[in-house]
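Shown next: start.txt, containing compact mmCIF, C-alpha atoms.
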```
# COMPACT_ATOMS: atom_id res chain seq x y z
CA ASN A 150 21.27 5.71 18.39
CA LEU A 151 18.62 7.83 16.69
CA SER A 152 16.17 7.89 19.60
CA GLY A 153 17.75 11.10 20.89
CA LEU A 154 16.69 13.10 17.84
CA GLN A 155 14.13 15.74 18.70
CA PHE A 156 11.68 17.55 16.46
CA PRO A 157 12.41 18.86 13.81
CA ALA A 158 15.64 16.85 13.39
CA ASN A 159 13.78 13.52 13.50
CA TYR A 160 11.35 14.65 10.76
CA SER A 161 14.22 16.07 8.72
CA LEU A 162 15.99 12.72 8.84
CA ILE A 163 12.88 10.79 7.78
CA LEU A 164 12.10 13.22 4.95
CA SER A 165 15.72 13.14 3.78
CA LEU A 166 15.67 9.34 3.69
CA GLY A 167 12.39 9.47 1.76
CA PHE A 168 13.87 11.96 -0.69
CA ALA A 169 16.94 9.78 -1.22
CA GLY A 170 14.75 6.73 -1.90
CA LEU A 171 12.58 8.71 -4.29
CA ALA A 172 15.65 10.02 -6.11
CA ILE A 173 17.03 6.50 -6.55
CA ALA A 174 13.64 5.24 -7.77
CA SER A 175 13.31 8.19 -10.16
CA ILE A 176 16.71 7.53 -11.70
CA ALA A 177 15.74 3.88 -12.21
CA PHE A 178 12.41 4.92 -13.74
CA TRP A 179 14.01 7.45 -16.10
CA SER A 180 16.45 4.79 -17.34
CA ILE A 181 13.62 2.62 -18.70
CA LYS A 182 13.53 2.69 -22.50
CA GLU A 183 10.08 2.16 -23.97
CA PRO A 184 9.28 1.63 -27.63
CA ALA A 185 7.53 4.48 -29.37
CA SER A 186 3.78 4.03 -29.55
CA LYS A 187 1.44 4.84 -32.39
CA PRO A 188 -1.08 7.64 -31.78
CA GLU A 189 -4.56 6.44 -30.90
CA ASP A 190 -7.05 7.05 -33.67
CA GLU A 191 -10.45 8.54 -32.99
CA LYS A 192 -12.37 5.37 -33.94
CA ARG A 193 -10.50 3.29 -31.38
CA PHE A 194 -11.17 5.87 -28.66
CA LYS A 195 -14.91 5.93 -29.50
CA LYS A 196 -14.96 2.12 -29.45
CA ILE A 197 -13.42 2.11 -25.97
CA LEU A 198 -15.94 4.70 -24.76
CA SER A 199 -18.84 2.68 -26.16
CA LYS A 200 -17.78 -0.34 -24.04
CA ILE A 201 -17.99 1.55 -20.73
CA PRO A 202 -21.72 0.88 -20.04
CA SER A 203 -21.36 -2.87 -20.60
CA THR A 204 -18.21 -2.93 -18.47
CA LEU A 205 -20.04 -1.26 -15.60
CA LYS A 206 -22.83 -3.87 -15.85
CA ASN A 207 -20.32 -6.73 -15.67
CA LYS A 208 -20.87 -8.50 -12.32
CA LYS A 209 -17.26 -9.61 -12.01
CA PHE A 210 -16.02 -6.04 -12.54
CA SER A 211 -18.61 -4.64 -10.10
CA LYS A 212 -17.52 -7.16 -7.47
CA PHE A 213 -13.89 -6.17 -8.06
CA VAL A 214 -14.67 -2.45 -7.57
CA ILE A 215 -16.62 -3.14 -4.37
CA ILE A 216 -13.85 -5.34 -2.93
CA GLU A 217 -11.17 -2.81 -3.83
CA ASN A 218 -13.05 0.01 -2.14
CA LEU A 219 -14.03 -1.96 0.96
CA SER A 220 -10.50 -3.25 1.42
CA ALA A 221 -9.25 0.34 1.49
CA PHE A 222 -10.81 0.73 4.94
CA SER A 223 -7.86 -1.15 6.46
CA LEU A 224 -5.56 1.66 5.29
CA MET A 225 -7.96 4.37 6.44
CA LEU A 226 -7.34 3.22 10.01
CA LEU A 227 -3.70 4.37 9.86
CA PRO A 228 -4.21 7.74 11.62
CA PHE A 229 -6.19 5.99 14.33
CA TYR A 230 -3.34 3.57 15.02
CA ILE A 231 -1.10 6.57 15.71
CA ILE A 232 -3.71 8.16 18.01
CA TYR A 233 -4.23 4.80 19.72
CA ALA A 234 -0.48 4.44 20.27
CA LYS A 235 -0.22 7.97 21.65
CA ASP A 236 -3.14 7.45 24.03
CA THR A 237 -2.07 3.96 25.10
CA PHE A 238 1.67 4.50 25.49
CA SER A 239 1.53 8.25 26.24
CA THR A 240 3.97 8.60 23.37
CA ALA A 241 3.76 7.97 19.67
CA LEU A 242 6.99 7.09 17.91
CA VAL A 243 5.76 8.72 14.72
CA SER A 244 9.11 8.69 12.93
CA THR A 245 9.65 5.03 13.84
CA TYR A 246 6.14 4.20 12.69
CA LEU A 247 6.59 6.01 9.37
CA LEU A 248 9.90 4.27 8.80
CA SER A 249 8.19 0.94 9.57
CA ILE A 250 5.59 1.62 6.86
CA ILE A 251 8.32 2.36 4.33
CA ILE A 252 10.34 -0.72 5.27
CA GLY A 253 7.19 -2.87 5.17
CA SER A 254 6.37 -1.58 1.68
CA ILE A 255 9.85 -2.29 0.38
CA VAL A 256 10.28 -5.71 1.98
CA SER A 257 6.79 -6.87 1.02
CA ASN A 258 7.35 -6.29 -2.68
CA PHE A 259 9.58 -9.35 -2.77
CA MET A 260 6.83 -11.46 -1.22
CA TRP A 261 4.05 -9.97 -3.38
CA GLY A 262 6.12 -10.46 -6.52
CA TRP A 263 6.73 -14.10 -5.64
CA ILE A 264 3.03 -14.73 -4.88
CA ALA A 265 1.90 -12.99 -8.08
CA LYS A 266 4.39 -14.94 -10.16
CA LYS A 267 3.71 -18.33 -8.55
CA TYR A 268 -0.08 -17.91 -8.31
CA ASN A 269 -1.71 -14.72 -9.64
CA SER A 270 -2.74 -11.20 -8.66
CA GLY A 271 -6.03 -12.53 -7.29
CA CYS A 272 -4.07 -14.47 -4.67
CA VAL A 273 -2.15 -11.30 -3.78
CA ILE A 274 -5.49 -9.53 -3.28
CA ARG A 275 -6.84 -12.29 -1.05
CA VAL A 276 -3.73 -12.31 1.17
CA CYS A 277 -3.71 -8.51 1.26
CA VAL A 278 -7.40 -8.29 2.26
CA LEU A 279 -6.88 -10.94 4.95
CA MET A 280 -3.88 -9.06 6.37
CA GLY A 281 -5.81 -5.78 6.30
CA GLY A 282 -8.69 -7.38 8.17
CA LEU A 283 -6.39 -8.82 10.82
CA LEU A 284 -4.55 -5.54 11.49
CA PRO A 285 -6.95 -4.20 14.17
CA ILE A 286 -6.91 -7.54 15.99
CA ILE A 287 -3.12 -7.73 15.86
CA ALA A 288 -2.95 -4.13 17.12
CA LEU A 289 -5.00 -5.04 20.17
CA LEU A 290 -3.00 -8.21 20.82
CA ILE A 291 0.47 -6.61 20.68
CA THR A 292 -0.39 -3.43 22.59
CA PRO A 293 0.84 -4.89 25.92
CA LEU A 294 4.28 -5.42 24.36
CA GLY A 295 5.00 -1.68 24.20
CA PRO A 296 5.37 1.14 21.66
CA GLN A 297 8.46 -0.28 19.94
CA ILE A 298 6.79 -3.62 19.20
CA PHE A 299 3.63 -1.74 18.14
CA SER A 300 5.61 -0.59 15.10
CA ILE A 301 4.85 -4.06 13.68
CA ILE A 302 1.36 -2.70 12.92
CA PHE A 303 2.86 0.01 10.72
CA PHE A 304 5.20 -2.51 9.09
CA LEU A 305 2.10 -4.56 8.19
CA VAL A 306 0.30 -1.42 6.95
CA GLY A 307 3.21 -1.02 4.53
CA PHE A 308 2.70 -4.64 3.48
CA VAL A 309 -1.02 -4.10 2.85
CA LYS A 310 -0.52 -0.85 0.97
CA SER A 311 2.10 -2.36 -1.29
CA GLY A 312 0.03 -5.51 -1.75
CA ARG A 313 -2.94 -3.45 -2.89
CA ASP A 314 -0.77 -1.83 -5.55
CA VAL A 315 0.71 -5.12 -6.71
CA GLY A 316 -2.58 -7.03 -6.61
CA PHE A 317 -5.30 -4.65 -7.71
CA ASP A 318 -3.48 -2.80 -10.50
CA PRO A 319 -2.85 -5.80 -12.80
CA TYR A 320 -6.05 -7.62 -11.81
```
Render the structure in this file as structure tokens.
Amino acid sequence: NLSGLQFPANYSLILSLGFAGLAIASIAFWSIKEPASKPEDEKRFKKILSKIPSTLKNKKFSKFVIIENLSAFSLMLLPFYIIYAKDTFSTALVSTYLLSIIIGSIVSNFMWGWIAKKYNSGCVIRVCVLMGGLLPIIALLITPLGPQIFSIIFFLVGFVKSGRDVGFDPY
């Protein structure tokens, strides 16, 4: 039972778990073998730079940038969920909430990968934006269930954050 861990032991445990996960991910990343690339020539770079004004005028691209930035508001609410939990429950299970975000990010990648493969990254974005928009409503609805159940909000925050990475980057 980890609920008996007090500060700073609880933070040490969470940071150690994060470090272990990062170390495993780093080893996997370093093991990727990429083919050598040719150096970019100056003409190609100037050609890319010359396309920037027309790209910025593209309505589809402008809409994409606006949606990406507006959808980030759902993640900006994260600190307020913690304050809300602390005020509502007179305790905030910060370590549990942080662990829920991490677990949500990891678990969701399987779902996002499946959606992106079966449909496309645009579908991932739509589902992600919908989930992000529903988070405040879900937070209000599950508050009566207690601080442990409230960790679902942070699990879903992990989903949304991961979904943004999977959806917006390739789109």
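Each of A:Gly253, A:Leu284, A:Val243, A:Phe303 was checked against A:Ser152 using all atoms listed in the file; the smallest atom-to-atom distance is that of A:Val243.
Close contacts of A:Leu289, defined as residues with an atom at most 12 Å away when counting only C-alpha atoms, with chain neighbours fewer than 3 positions off set aside, comprise A:Tyr230, A:Tyr233, A:Ala234, A:Thr237, A:Leu283, A:Leu284, A:Pro285, A:Ile286, A:Thr292, A:Pro293, A:Leu294, A:Gly295, A:Ile298, A:Phe299, A:Ile301, A:Ile302.
Picture a line from atom CA of A:Ser254 to atom CA of A:Val306; it runs 8.0 Å.
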So which residues touch stretch 209-214 of chain A within 9 Å, counting all atoms listed in the file, skipping near sequence neighbours fewer than 4 positions away, as a PyMOL selection string? chain A and resi 204-205+218-219+317+320
Please produce a file of those selected residues containing C-alpha atoms, as a CSV table (one decimal), keeping the file's coordinate frame.
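Printed below is part.csv as written:
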```csv
chain,number,residue,atom,x,y,z
A,204,THR,CA,-18.2,-2.9,-18.5
A,205,LEU,CA,-20.0,-1.3,-15.6
A,218,ASN,CA,-13.0,0.0,-2.1
A,219,LEU,CA,-14.0,-2.0,1.0
A,317,PHE,CA,-5.3,-4.6,-7.7
A,320,TYR,CA,-6.0,-7.6,-11.8
```
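For the atom pair formed by atom CA of A:Lys310 and atom CA of A:Gln297, the distance is 21.0 Å, given to one decimal.
Considering all atoms listed in the file, the residue among A:Gly312, A:Gly167, A:Pro202, A:Pro296 positioned nearest to A:Met280 is A:Gly312.
In terms of minimum interatomic distance to A:Asp314, A:Ile274 ranks closest within A:Ile274, A:Ile216, A:Leu198, A:Leu248, counting only C-alpha atoms.
Shortest separation to A:Leu166 among A:Leu247, A:Lys235, A:Asn269, A:Gly307 occurs at residue A:Leu247, atoms counted being only C-alpha atoms.
Atom CA of A:Asp318 sits 28.0 Å away from atom CA of A:Ile163.
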For A:Val256, find every residue with an atom within 12 Å (counting all atoms listed in the file), except residues of its own chain fewer than 2 positions away, and show them as an mmCIF file with C-alpha atoms, keeping the file's coordinate frame.
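around-v4.cif, freshly written:
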```cif
data_model
loop_
_atom_site.group_PDB
_atom_site.id
_atom_site.type_symbol
_atom_site.label_atom_id
_atom_site.label_comp_id
_atom_site.auth_asym_id
_atom_site.auth_seq_id
_atom_site.Cartn_x
_atom_site.Cartn_y
_atom_site.Cartn_z
ATOM 1 C CA SER A 249 8.190 0.940 9.570
ATOM 2 C CA ILE A 250 5.590 1.620 6.860
ATOM 3 C CA ILE A 251 8.320 2.360 4.330
ATOM 4 C CA ILE A 252 10.340 -0.720 5.270
ATOM 5 C CA GLY A 253 7.190 -2.870 5.170
ATOM 6 C CA SER A 254 6.370 -1.580 1.680
ATOM 7 C CA ASN A 258 7.350 -6.290 -2.680
ATOM 8 C CA PHE A 259 9.580 -9.350 -2.770
ATOM 9 C CA MET A 260 6.830 -11.460 -1.220
ATOM 10 C CA TRP A 261 4.050 -9.970 -3.380
ATOM 11 C CA GLY A 262 6.120 -10.460 -6.520
ATOM 12 C CA TRP A 263 6.730 -14.100 -5.640
ATOM 13 C CA PHE A 304 5.200 -2.510 9.090
ATOM 14 C CA LEU A 305 2.100 -4.560 8.190
ATOM 15 C CA VAL A 306 0.300 -1.420 6.950
ATOM 16 C CA GLY A 307 3.210 -1.020 4.530
ATOM 17 C CA PHE A 308 2.700 -4.640 3.480
ATOM 18 C CA VAL A 309 -1.020 -4.100 2.850
ATOM 19 C CA LYS A 310 -0.520 -0.850 0.970
ATOM 20 C CA SER A 311 2.100 -2.360 -1.290
ATOM 21 C CA GLY A 312 0.030 -5.510 -1.750
#
```
Edge lengths and centre in Å, axis-aligned, stretch 254-262 of chain A plus 5 Å each side, as JSON:
```
{"center_x": 7.2, "center_y": -6.5, "center_z": -2.3, "size_x": 16.2, "size_y": 19.9, "size_z": 18.5}
```
